[in-house]
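First up is the structure itself, then whatever we jot down about it.
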Amino acid sequence: VSVNVSPKVRMMSRPTNYDFAPLQLVPLWQYMMSMKPIKPHDLVQPDVLLAINALELVALCCEGKMIDELVIKRTFRQIFIQQYEAIEDCGSMEYFDGKTGKQILHENPATQAFYRKLKEEHLEKDKLDK
(Lines give C-alpha, C1' and ligand atoms only; values in the text may rest on other atoms or scores of the structure.)
Protein backbone atom coordinates (compact mmCIF):
# COMPACT_ATOMS: atom_id res chain seq x y z
CA VAL A 1 0.00 0.00 0.00
CA SER A 2 1.40 3.38 -0.93
CA VAL A 3 0.33 6.67 0.50
CA ASN A 4 0.63 9.87 -1.47
CA VAL A 5 1.35 12.87 0.69
CA SER A 6 0.90 16.24 -0.91
CA PRO A 7 3.86 18.67 -0.81
CA LYS A 8 1.75 21.00 1.33
CA VAL A 9 1.35 18.34 4.04
CA ARG A 10 5.05 17.45 3.87
CA MET A 11 6.04 21.10 4.30
CA MET A 12 3.78 21.52 7.29
CA SER A 13 5.30 18.51 9.04
CA ARG A 14 8.88 19.75 8.79
CA PRO A 15 10.20 21.27 12.00
CA THR A 16 11.17 24.92 11.84
CA ASN A 17 14.31 26.36 13.38
CA TYR A 18 12.12 27.94 16.04
CA ASP A 19 10.86 24.49 17.11
CA PHE A 20 14.31 23.98 18.61
CA ALA A 21 14.77 27.53 19.93
CA PRO A 22 14.31 26.65 23.63
CA LEU A 23 17.05 24.05 23.27
CA GLN A 24 19.33 26.62 21.63
CA LEU A 25 18.68 29.36 24.17
CA VAL A 26 20.14 27.42 27.10
CA PRO A 27 23.68 27.09 25.65
CA LEU A 28 23.59 30.72 24.51
CA TRP A 29 22.49 31.75 27.99
CA GLN A 30 25.38 29.84 29.57
CA TYR A 31 27.84 31.26 27.06
CA MET A 32 26.70 34.86 27.51
CA MET A 33 26.55 34.62 31.29
CA SER A 34 30.05 33.12 31.47
CA MET A 35 31.55 36.23 29.84
CA LYS A 36 33.54 38.40 32.18
CA PRO A 37 32.96 42.15 31.93
CA ILE A 38 35.51 43.75 29.62
CA LYS A 39 37.43 46.56 31.30
CA PRO A 40 39.47 48.44 28.68
CA HIS A 41 41.79 49.94 31.32
CA ASP A 42 42.34 46.65 33.18
CA LEU A 43 42.25 44.30 30.22
CA VAL A 44 42.37 40.51 30.26
CA GLN A 45 42.84 39.91 26.54
CA PRO A 46 41.67 36.25 26.42
CA ASP A 47 38.38 37.49 27.92
CA VAL A 48 38.03 39.81 24.91
CA LEU A 49 38.30 36.82 22.58
CA LEU A 50 35.63 34.93 24.51
CA ALA A 51 33.36 37.97 24.51
CA ILE A 52 33.77 38.58 20.78
CA ASN A 53 33.03 34.94 20.03
CA ALA A 54 29.93 35.03 22.25
CA LEU A 55 28.62 38.21 20.62
CA GLU A 56 29.23 36.84 17.13
CA LEU A 57 27.50 33.56 18.00
CA VAL A 58 24.42 35.37 19.28
CA ALA A 59 24.35 37.68 16.26
CA LEU A 60 24.73 34.79 13.81
CA CYS A 61 21.99 32.78 15.53
CA CYS A 62 19.63 35.72 15.04
CA GLU A 63 20.80 36.42 11.49
CA GLY A 64 20.37 32.75 10.54
CA LYS A 65 16.97 32.63 12.25
CA MET A 66 18.14 29.75 14.42
CA ILE A 67 16.53 31.41 17.41
CA ASP A 68 13.83 34.01 17.86
CA GLU A 69 15.48 37.42 17.62
CA LEU A 70 12.92 39.01 19.94
CA VAL A 71 13.81 36.53 22.70
CA ILE A 72 17.51 37.26 22.22
CA LYS A 73 16.94 41.00 22.29
CA ARG A 74 14.89 40.82 25.44
CA THR A 75 17.32 38.46 27.13
CA PHE A 76 20.72 39.81 26.08
CA ARG A 77 20.24 43.39 24.82
CA GLN A 78 21.96 45.13 27.71
CA ILE A 79 24.91 42.76 28.09
CA PHE A 80 25.44 42.69 24.31
CA ILE A 81 25.59 46.49 24.13
CA GLN A 82 27.82 46.78 27.21
CA GLN A 83 30.32 44.19 26.02
CA TYR A 84 30.38 45.57 22.47
CA GLU A 85 31.07 49.11 23.66
CA ALA A 86 33.73 47.94 26.12
CA ILE A 87 35.50 46.01 23.35
CA GLU A 88 35.20 49.03 21.07
CA ASP A 89 37.07 51.10 23.70
CA CYS A 90 40.01 48.67 23.87
CA GLY A 91 43.27 49.90 22.46
CA SER A 92 45.99 47.87 20.79
CA MET A 93 46.13 44.28 22.10
CA GLU A 94 49.11 41.93 21.78
CA TYR A 95 46.77 38.93 21.89
CA PHE A 96 45.27 40.16 18.59
CA ASP A 97 48.54 41.12 16.87
CA GLY A 98 48.22 44.75 17.92
CA LYS A 99 44.66 45.23 16.66
CA THR A 100 42.33 47.54 18.53
CA GLY A 101 38.87 46.62 19.74
CA LYS A 102 37.31 48.55 16.85
CA GLN A 103 39.41 46.63 14.34
CA ILE A 104 38.45 43.30 15.84
CA LEU A 105 34.76 44.19 15.85
CA HIS A 106 35.08 45.23 12.20
CA GLU A 107 36.09 41.62 11.45
CA ASN A 108 32.77 40.40 12.86
CA PRO A 109 30.05 41.81 10.59
CA ALA A 110 27.13 39.96 12.18
CA THR A 111 28.10 41.42 15.56
CA GLN A 112 28.30 44.93 14.11
CA ALA A 113 24.94 44.65 12.37
CA PHE A 114 23.18 43.28 15.44
CA TYR A 115 24.72 45.98 17.65
CA ARG A 116 23.54 48.71 15.26
CA LYS A 117 20.05 47.22 15.29
CA LEU A 118 19.99 47.14 19.10
CA LYS A 119 21.25 50.73 19.36
CA GLU A 120 18.77 52.05 16.79
CA GLU A 121 15.89 50.40 18.63
CA HIS A 122 17.16 51.82 21.92
CA LEU A 123 17.37 55.33 20.45
CA GLU A 124 13.85 55.04 18.99
CA LYS A 125 12.39 53.85 22.30
CA ASP A 126 10.16 56.46 23.91
CA LYS A 127 10.76 58.84 21.02
CA LEU A 128 8.16 61.55 20.70
CA ASP A 129 6.22 61.43 17.45
CA LYS A 130 6.10 64.72 15.57
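Ordered as shown in the C-alpha coordinates, chains take letters A, B, and onward, while each chain numbers its residues from 1 and ligands are numbered from 1 in the order shown.
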
task: Would you please extract all helix (DSSP H, G or I) residues from region 7-130 of chain A, as assigned by DSSP on the backbone, and give them as a PyMOL selection string?
output: chain A and resi 7-13+17-33+45-63+69-88+94-96+101-106+109-124

With a distance cut-off of 7 Å and only C-alpha atoms, select the neighbouring residues of region 111-114 of chain A, excluding the residue or stretch itself and same-chain residues fewer than 6 positions from it, and output the selection as an mmCIF file with all heavy atoms, in the first residue's frame.
data_model
loop_
_atom_site.group_PDB
_atom_site.id
_atom_site.type_symbol
_atom_site.label_atom_id
_atom_site.label_comp_id
_atom_site.auth_asym_id
_atom_site.auth_seq_id
_atom_site.Cartn_x
_atom_site.Cartn_y
_atom_site.Cartn_z
ATOM 1 N N LEU A 55 29.441 37.222 21.323
ATOM 2 C CA LEU A 55 28.616 38.206 20.618
ATOM 3 C C LEU A 55 28.357 37.778 19.177
ATOM 4 O O LEU A 55 27.233 37.895 18.678
ATOM 5 C CB LEU A 55 29.283 39.588 20.646
ATOM 6 C CG LEU A 55 29.492 40.217 22.023
ATOM 7 C CD1 LEU A 55 30.146 41.591 21.881
ATOM 8 C CD2 LEU A 55 28.222 40.303 22.816
ATOM 9 N N GLU A 56 29.391 37.271 18.522
ATOM 10 C CA GLU A 56 29.231 36.844 17.126
ATOM 11 C C GLU A 56 28.290 35.639 17.039
ATOM 12 O O GLU A 56 27.457 35.559 16.143
ATOM 13 C CB GLU A 56 30.593 36.515 16.506
ATOM 14 C CG GLU A 56 30.545 36.185 15.028
ATOM 15 C CD GLU A 56 30.279 37.363 14.100
ATOM 16 O OE1 GLU A 56 30.102 38.517 14.565
ATOM 17 O OE2 GLU A 56 30.242 37.135 12.878
ATOM 18 N N ALA A 59 24.746 36.936 17.456
ATOM 19 C CA ALA A 59 24.345 37.684 16.260
ATOM 20 C C ALA A 59 24.078 36.742 15.083
ATOM 21 O O ALA A 59 23.096 36.912 14.356
ATOM 22 C CB ALA A 59 25.427 38.702 15.895
ATOM 23 N N LEU A 105 36.206 44.175 16.082
ATOM 24 C CA LEU A 105 34.761 44.186 15.851
ATOM 25 C C LEU A 105 34.447 44.318 14.362
ATOM 26 O O LEU A 105 33.482 43.733 13.870
ATOM 27 C CB LEU A 105 34.098 45.315 16.643
ATOM 28 C CG LEU A 105 34.052 45.087 18.153
ATOM 29 C CD1 LEU A 105 33.663 46.369 18.875
ATOM 30 C CD2 LEU A 105 33.107 43.955 18.511
#

task: Using only C-alpha atoms, determine which residues lie at most 10 Å from Tyr84 (chain A), disregarding the query and same-chain residues fewer than 2 positions distant; provide the list as a list of chain:residue names.
output: A:Ile38, A:Val48, A:Ala51, A:Ile52, A:Leu55, A:Gln78, A:Ile79, A:Phe80, A:Ile81, A:Gln82, A:Ala86, A:Ile87, A:Glu88, A:Asp89, A:Gly101, A:Lys102, A:Leu105, A:Thr111, A:Gln112, A:Tyr115

Selection from above, all heavy atoms, as a short mmCIF file (atom, residue, chain, number, x, y, z; two decimals), in the first residue's frame, can you write it?
data_model
loop_
_atom_site.label_atom_id
_atom_site.label_comp_id
_atom_site.auth_asym_id
_atom_site.auth_seq_id
_atom_site.Cartn_x
_atom_site.Cartn_y
_atom_site.Cartn_z
N ILE A 38 34.29 43.23 30.24
CA ILE A 38 35.51 43.75 29.62
C ILE A 38 35.79 45.13 30.21
O ILE A 38 34.92 46.00 30.21
CB ILE A 38 35.36 43.85 28.08
CG1 ILE A 38 35.00 42.48 27.48
CG2 ILE A 38 36.61 44.43 27.44
CD1 ILE A 38 36.01 41.39 27.74
N VAL A 48 38.53 39.08 26.08
CA VAL A 48 38.03 39.81 24.91
C VAL A 48 37.69 38.81 23.81
O VAL A 48 36.64 38.92 23.17
CB VAL A 48 39.05 40.85 24.42
CG1 VAL A 48 38.59 41.52 23.13
CG2 VAL A 48 39.30 41.90 25.50
N ALA A 51 34.50 37.06 24.66
CA ALA A 51 33.36 37.97 24.51
C ALA A 51 33.02 38.18 23.03
O ALA A 51 31.85 38.13 22.66
CB ALA A 51 33.66 39.31 25.18
N ILE A 52 34.02 38.39 22.21
CA ILE A 52 33.77 38.58 20.78
C ILE A 52 33.12 37.34 20.18
O ILE A 52 32.16 37.45 19.41
CB ILE A 52 35.08 38.94 20.03
CG1 ILE A 52 35.48 40.36 20.40
CG2 ILE A 52 34.93 38.78 18.53
CD1 ILE A 52 36.83 40.76 19.90
N LEU A 55 29.44 37.22 21.32
CA LEU A 55 28.62 38.21 20.62
C LEU A 55 28.36 37.78 19.18
O LEU A 55 27.23 37.90 18.68
CB LEU A 55 29.28 39.59 20.65
CG LEU A 55 29.49 40.22 22.02
CD1 LEU A 55 30.15 41.59 21.88
CD2 LEU A 55 28.22 40.30 22.82
N GLN A 78 21.09 44.29 26.90
CA GLN A 78 21.96 45.13 27.71
C GLN A 78 23.39 44.61 27.76
O GLN A 78 24.34 45.37 27.57
CB GLN A 78 21.39 45.27 29.13
CG GLN A 78 22.01 46.39 29.92
CD GLN A 78 21.81 47.76 29.27
OE1 GLN A 78 20.78 48.05 28.68
NE2 GLN A 78 22.81 48.61 29.36
N ILE A 79 23.55 43.32 28.00
CA ILE A 79 24.91 42.76 28.09
C ILE A 79 25.61 42.82 26.73
O ILE A 79 26.81 43.07 26.66
CB ILE A 79 24.91 41.33 28.67
CG1 ILE A 79 26.32 40.92 29.02
CG2 ILE A 79 24.26 40.34 27.75
CD1 ILE A 79 26.41 39.65 29.85
N PHE A 80 24.86 42.61 25.65
CA PHE A 80 25.44 42.69 24.31
C PHE A 80 25.99 44.09 24.06
O PHE A 80 27.13 44.25 23.64
CB PHE A 80 24.38 42.33 23.25
CG PHE A 80 24.95 42.05 21.89
CD1 PHE A 80 25.14 40.75 21.45
CD2 PHE A 80 25.29 43.09 21.04
CE1 PHE A 80 25.66 40.49 20.18
CE2 PHE A 80 25.81 42.85 19.78
CZ PHE A 80 25.99 41.55 19.35
N ILE A 81 25.18 45.09 24.34
CA ILE A 81 25.59 46.49 24.13
C ILE A 81 26.78 46.84 25.01
O ILE A 81 27.77 47.43 24.55
CB ILE A 81 24.41 47.45 24.37
CG1 ILE A 81 23.37 47.29 23.24
CG2 ILE A 81 24.89 48.90 24.45
CD1 ILE A 81 22.07 48.04 23.48
N GLN A 82 26.72 46.46 26.29
CA GLN A 82 27.82 46.78 27.21
C GLN A 82 29.13 46.15 26.76
O GLN A 82 30.17 46.82 26.74
CB GLN A 82 27.48 46.31 28.63
CG GLN A 82 26.43 47.13 29.30
CD GLN A 82 25.96 46.51 30.61
OE1 GLN A 82 26.17 45.32 30.88
NE2 GLN A 82 25.29 47.31 31.43
N ALA A 86 32.48 48.10 25.37
CA ALA A 86 33.73 47.94 26.12
C ALA A 86 34.84 47.45 25.19
O ALA A 86 35.97 47.94 25.25
CB ALA A 86 33.53 46.98 27.28
N ILE A 87 34.51 46.50 24.32
CA ILE A 87 35.50 46.01 23.35
C ILE A 87 35.91 47.13 22.40
O ILE A 87 37.10 47.30 22.09
CB ILE A 87 34.96 44.80 22.56
CG1 ILE A 87 34.77 43.60 23.50
CG2 ILE A 87 35.88 44.44 21.39
CD1 ILE A 87 33.96 42.46 22.91
N GLU A 88 34.95 47.91 21.98
CA GLU A 88 35.20 49.03 21.07
C GLU A 88 36.20 50.02 21.68
O GLU A 88 37.00 50.63 20.97
CB GLU A 88 33.87 49.73 20.78
CG GLU A 88 33.88 50.65 19.61
CD GLU A 88 32.48 51.14 19.28
OE1 GLU A 88 31.72 51.49 20.22
OE2 GLU A 88 32.15 51.18 18.10
N ASP A 89 36.19 50.17 23.01
CA ASP A 89 37.07 51.10 23.70
C ASP A 89 38.48 50.54 23.94
O ASP A 89 39.35 51.27 24.43
CB ASP A 89 36.46 51.50 25.05
CG ASP A 89 35.25 52.40 24.88
OD1 ASP A 89 35.08 53.00 23.79
OD2 ASP A 89 34.45 52.50 25.85
N GLY A 101 40.20 47.17 19.61
CA GLY A 101 38.87 46.62 19.74
C GLY A 101 38.01 46.94 18.53
O GLY A 101 37.27 46.07 18.03
N LYS A 102 38.10 48.16 18.04
CA LYS A 102 37.31 48.55 16.85
C LYS A 102 37.69 47.70 15.65
O LYS A 102 36.82 47.29 14.88
CB LYS A 102 37.51 50.03 16.53
CG LYS A 102 36.79 50.96 17.47
CD LYS A 102 36.99 52.40 17.09
CE LYS A 102 36.31 53.30 18.11
NZ LYS A 102 36.43 54.71 17.80
N LEU A 105 36.21 44.17 16.08
CA LEU A 105 34.76 44.19 15.85
C LEU A 105 34.45 44.32 14.36
O LEU A 105 33.48 43.73 13.87
CB LEU A 105 34.10 45.32 16.64
CG LEU A 105 34.05 45.09 18.15
CD1 LEU A 105 33.66 46.37 18.88
CD2 LEU A 105 33.11 43.95 18.51
N THR A 111 28.09 40.73 14.27
CA THR A 111 28.10 41.42 15.56
C THR A 111 27.83 42.90 15.36
O THR A 111 27.03 43.50 16.08
CB THR A 111 29.45 41.21 16.27
OG1 THR A 111 29.65 39.81 16.47
CG2 THR A 111 29.49 41.92 17.61
N GLN A 112 28.50 43.50 14.38
CA GLN A 112 28.30 44.93 14.11
C GLN A 112 26.86 45.22 13.72
O GLN A 112 26.26 46.17 14.22
CB GLN A 112 29.22 45.39 12.97
CG GLN A 112 30.67 45.51 13.35
CD GLN A 112 31.46 46.04 12.18
OE1 GLN A 112 31.43 45.50 11.08
NE2 GLN A 112 32.17 47.13 12.41
N TYR A 115 24.51 44.86 16.73
CA TYR A 115 24.72 45.98 17.65
C TYR A 115 24.01 47.23 17.13
O TYR A 115 23.31 47.92 17.88
CB TYR A 115 26.21 46.25 17.84
CG TYR A 115 26.49 47.53 18.58
CD1 TYR A 115 26.35 47.61 19.96
CD2 TYR A 115 26.89 48.68 17.90
CE1 TYR A 115 26.61 48.79 20.65
CE2 TYR A 115 27.15 49.86 18.58
CZ TYR A 115 27.00 49.91 19.95
OH TYR A 115 27.24 51.09 20.62
#

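Note that the spacing between CA of Gln83 (chain A) and CA of Met33 (chain A) amounts to 11.6 Å.
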
- prompt: Can you tell me how far CA of Tyr95 (chain A) sits from CA of Arg77 (chain A), in Å to one decimal?
  reply: 27.1 Å

- request: Pick out the residues sitting within 9 Å of Glu94 (chain A), and hand them over as number ranges by chain; count only C-alpha atoms, and ignore anything fewer than 4 positions along from it in its own chain.
  value: A: 45, 98-99

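For the choices A:Asp97, A:Glu124, A:Glu85, A:Glu107, the atom-to-atom distance to Lys39 (chain A) is smallest for A:Glu85 when using only C-alpha atoms.
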
statement: Restricting to only C-alpha atoms, whichever of A:Val26, A:Met93, A:Ala110, A:Met35 is closest to Cys62 (chain A) is A:Ala110

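The residue that comes closest to Thr100 (chain A), out of A:Leu50, A:Tyr31, A:Gly64, A:Pro40 and on the basis of only C-alpha atoms, is A:Pro40.
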
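Proximity ranking of A:Val44, A:Pro27, A:Leu49, A:Lys125 relative to Asn108 (chain A) places A:Leu49 first, based on only C-alpha atoms.
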